[in-house]
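Undergrad: Before anything else, here's the structure in question.
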Amino acid sequence: MKKDILLLKGNEAIAEAAIRAGADAYFGYPITPQSEVLEYLMLEKPEERTGMVVLQAESELAAINMVFGAASAGRKVITSSSSPGVSLYQEGISYIAGAELPCVIVNIVRGGPGLGTIQPSQADYFQSTKGGGHGDYHLLVLAPASVQEMADFVKLGFELAFKYRNPVMILSDGLIGQIMEKVELFEQVDRATEFDQSWVTTGKTPDRERNIITSLNLQSVMQEKHNFKLQAKYKKMQSEVRFEEIECEDAEYLMVAYGSSARVCQKTVQLARDKGIKAGLLRPITLYPYPSGKLNEMADRVKGMLSVEMSAGQMVEDVRLAVNGKIPVEHYGRFGGMVHSPREVLEALEEKIVKK
Amino acid sequence: MAKQRGAIVVDIERCKGCELCIEACPTSVIRMERKVNGKSYHFAYMENPAECTGCNNCAIVCPDGVISVYRMKVEV
Amino acid sequence: MKMEVQDISKQIIDPKNLVYDRSPLMTDNVLTYCPGCGHGVVHHLMAEVIDEMGIQSETIGVAPVGCSVLAYEFLDVDWLQAPHGRAPAVATGLKRIMPEKYIFTYQGDGDLAAIGTGETIHACNRGEHITIIFINNGIYGMTGGQMAPTTLPGMATSTSPYGRDVSTMGYPIKMTELVAQLPGTYYVTRQAVHKPGNVRKTKKAIQKAFENQKLKKGVSLVEVVSNCNNGWKMTPVKSNTWMEENMFPYYPLGDIKVDGELVK
């Protein structure tokens, strides 16, 4: 059965894309609003389709450590969860980042803190882009704004994860996880990767030294050296920055928004322009690396920026850092599971930026 | 008459002087040297080599694997 | 007379008469354990078993957090170092993706029976075809002798300085008996390595636990009741006597489950 164009929920697109991207394994634990990922995979029997392993773990702690184990074999491993579950992932993610293993982690964010709500939110931005767990590390963070991108970024995520031997996070939310859209699916990708496999723990053969996957260095001199290596890698990762410009060319006022918020802001751009306000939207697609250079350049052309996020104001800090005081930068957004409407955003743009 | 005779060789610098080999030896062959090694541990040696049967007991209880055991039949 | 004995010894010490030497699967690194610690003995046994079975190229170890966190320095196989307590989950990931390989975890009592209780029980309950080597010395050695889940009632540690009061600190947990009840375990045994006879039995147990992976019938778990002379504040020899007198009555040695059947 050829299923190149499908109507899928964002979560289902993640699952289908995982199979098609040649993932070797998925480990996860049910949590709303992303349970469809595991459900879809179980229904699809990927073990028969591609040989992919799917396992429901007893907890998020176990799930992320199963990812750790399987990733150490140099295989494509993916997991998904939602905010409280991703908090539990953090220990494992820190180890995975420290040990430099590739994997894809999907966070379908819900409102917090604590158990919060099951409605969409973007309040895990800090956790995702600044490290999340303990120690100096970064994930490469992709922020899809459509079901199509949910699917595409799984494939892209594996490529980037192996290219940098670094965990990649797909940071989405309950809105894109749950909506249904048409998706054009990519062709089945081979499970084998072309990337360097000299480091994998698959059993020491006579032709090589034993491989050790660890994040431990009892000598601080060595740990510092390892950290320098990680930092150099993160610097290299800056070249992966991706963003989308919407009506930016002649914009006087710029909204900065990613994921679901960007979809809302796209409508706000229209509403603003209908009123004669020259608004534009810059949508960061990678949240780490962040399109700081682009924003700094835009700051020379626009009068003010509004960071629109479903949070109390997290990404706005990165926008301000990028703009470095050149122009006013404000934040607007509903949060705790609430989604702002295009009109609310327009009002905020007028109040906070245009009239100032 | 042939008799099983043994001997041990101790990797002196790896020995930590825990004395578990002394306990394990059924013929009281081993003692701790009064001198110490580079890590300041007393180390095992054969005080009564004539009694060693090469039974391996000392070697297999040694946590640091410092004892090699040799055995041969000797005419007496 | 003395000269004569020395001459005979010299004659005996000849490569052709070598009957025991450190396993070639042990690296040259000096073990970081305290003098007289049982960890070293178990390391050598695992190395011997893996070497004798000829499975070095198919074996991957998962090291825990604790004294044996550096286990990967000592056995010449591929290793991962897992977060504290998570070794059975890490091993699950490895085994599921490489079902034909030999996957083992090496864990202490804090790792396996406290912080990793969930991972241990569920890996056992899923019947993962892995080997778990569990070193139980009733104390947290690495962090300086704190109370462990397996610390005996009344036993003094740095966090139970007046002795473990079970009314407030709970009881020592018998994880081995506990997981033996689960249908996912195939071989569960408790051994020791303080005496030559015990060492030989433990080696057989470890070998069986590795061989069982071929059968794909679930978890094989070997608990080794061991000493922590530093944590217990005794000489190595005395700690072994103390272990026999105090640990063995609470943690009796012997097979608990063999070939999927509970013993007795």
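Here, A, B, ... name the chains of the structure tokens in the order displayed, residue numbers run from 1 inside each chain, and ligands are numbered from 1 in the same displayed order.
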Using only C-alpha atoms, what does the table of chain B residues within 10 Å of chain C look like, with each row giving the shortest atom pair and its distance in Å to one decimal, sorted by chain and ascending number, as CSV?

TA:
```
residue,atom,partner,partner_atom,distance
B:Arg5,CA,C:Ile12,CA,7.6
B:Gly6,CA,C:Ile12,CA,6.7
B:Ala7,CA,C:Ser9,CA,5.8
B:Ile8,CA,C:Ile13,CA,7.6
B:Val9,CA,C:Ile13,CA,7.8
B:Glu13,CA,C:Val30,CA,9.5
B:Arg14,CA,C:Val30,CA,6.7
B:Cys15,CA,C:Pro35,CA,8.5
B:Lys16,CA,C:Pro35,CA,5.3
B:Gly17,CA,C:Pro35,CA,6.8
B:Cys18,CA,C:Gly36,CA,4.9
B:Glu19,CA,C:Val237,CA,6.9
B:Leu20,CA,C:Val237,CA,6.1
B:Cys21,CA,C:Lys195,CA,9.5
B:Ile22,CA,C:Val237,CA,9.4
B:Glu23,CA,C:Val237,CA,7.5
B:Ala24,CA,C:Lys195,CA,6.5
B:Cys25,CA,C:Pro196,CA,9.2
B:Tyr41,CA,C:Pro35,CA,9.4
B:Met46,CA,C:Ser9,CA,9.9
B:Asn48,CA,C:Val5,CA,9.0
B:Pro49,CA,C:Val5,CA,6.9
B:Ala50,CA,C:Val5,CA,6.0
B:Glu51,CA,C:Val5,CA,9.8
B:Cys52,CA,C:Ser9,CA,9.4
B:Gly54,CA,C:Val19,CA,7.9
B:Cys55,CA,C:Val19,CA,8.9
B:Asn56,CA,C:Tyr20,CA,6.6
B:Asn57,CA,C:Pro196,CA,5.3
B:Cys58,CA,C:Pro196,CA,7.7
B:Ala59,CA,C:Tyr20,CA,7.3
B:Ile60,CA,C:Pro196,CA,6.5
B:Val61,CA,C:Pro196,CA,6.0
B:Cys62,CA,C:Val41,CA,6.4
B:Pro63,CA,C:Gly40,CA,4.1
B:Asp64,CA,C:Gly40,CA,5.7
B:Gly65,CA,C:Arg22,CA,5.5
B:Val66,CA,C:Arg22,CA,7.3
B:Ile67,CA,C:Asp21,CA,6.9
B:Ser68,CA,C:Asp21,CA,4.6
B:Val69,CA,C:Tyr20,CA,4.9
B:Tyr70,CA,C:Leu18,CA,4.3
B:Arg71,CA,C:Asn17,CA,5.3
B:Met72,CA,C:Asn17,CA,6.0
B:Lys73,CA,C:Ile12,CA,8.9
B:Val74,CA,C:Ile8,CA,8.6
```

Undergrad: Give me the residues near range 208-212 of chain A as a ChimeraX atom specification, where near means some atom within 12 Å (using only C-alpha atoms) and where sequence neighbours in that chain fewer than 3 positions away do not count.

TA: /A:72-74,99-101,197-205,215-216 /C:25-27,56-63,70-82

Undergrad: Could you work out how far CA of Cys67 in chain C lies from CA of Gln213 in chain C, giving the answer in Å with one decimal?

TA: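 Between these atoms lies a distance of 26.2 Å.
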
Undergrad: Residues near Cys103 in chain A, anyone? I mean within 8 Å using only C-alpha atoms, not counting same-chain ones fewer than 2 positions away, as a PyMOL selection string.

TA: chain A and resi 67+71+76-78+101+105+158+161-162+166-168

Undergrad: I need the residues of range 127-228 of chain A that end up classed as strand (DSSP E or B) by DSSP on the backbone, written out as a list in words.

TA: Leu140, Val141, Leu142, Pro167, Val168, Met169, Ile170, Leu171, Ser172, Asp173, Met180, Glu181, Lys182, Val183, Glu184, Ile212 and Ile213 of chain A

Undergrad: Kindly indicate which residue among A:Gln238, A:Ser94, A:Gln178, A:Asn296 lies nearest to chain C, using only C-alpha atoms for the distances.

TA: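 Distance minimum relative to chain C lands on A:Ser94.
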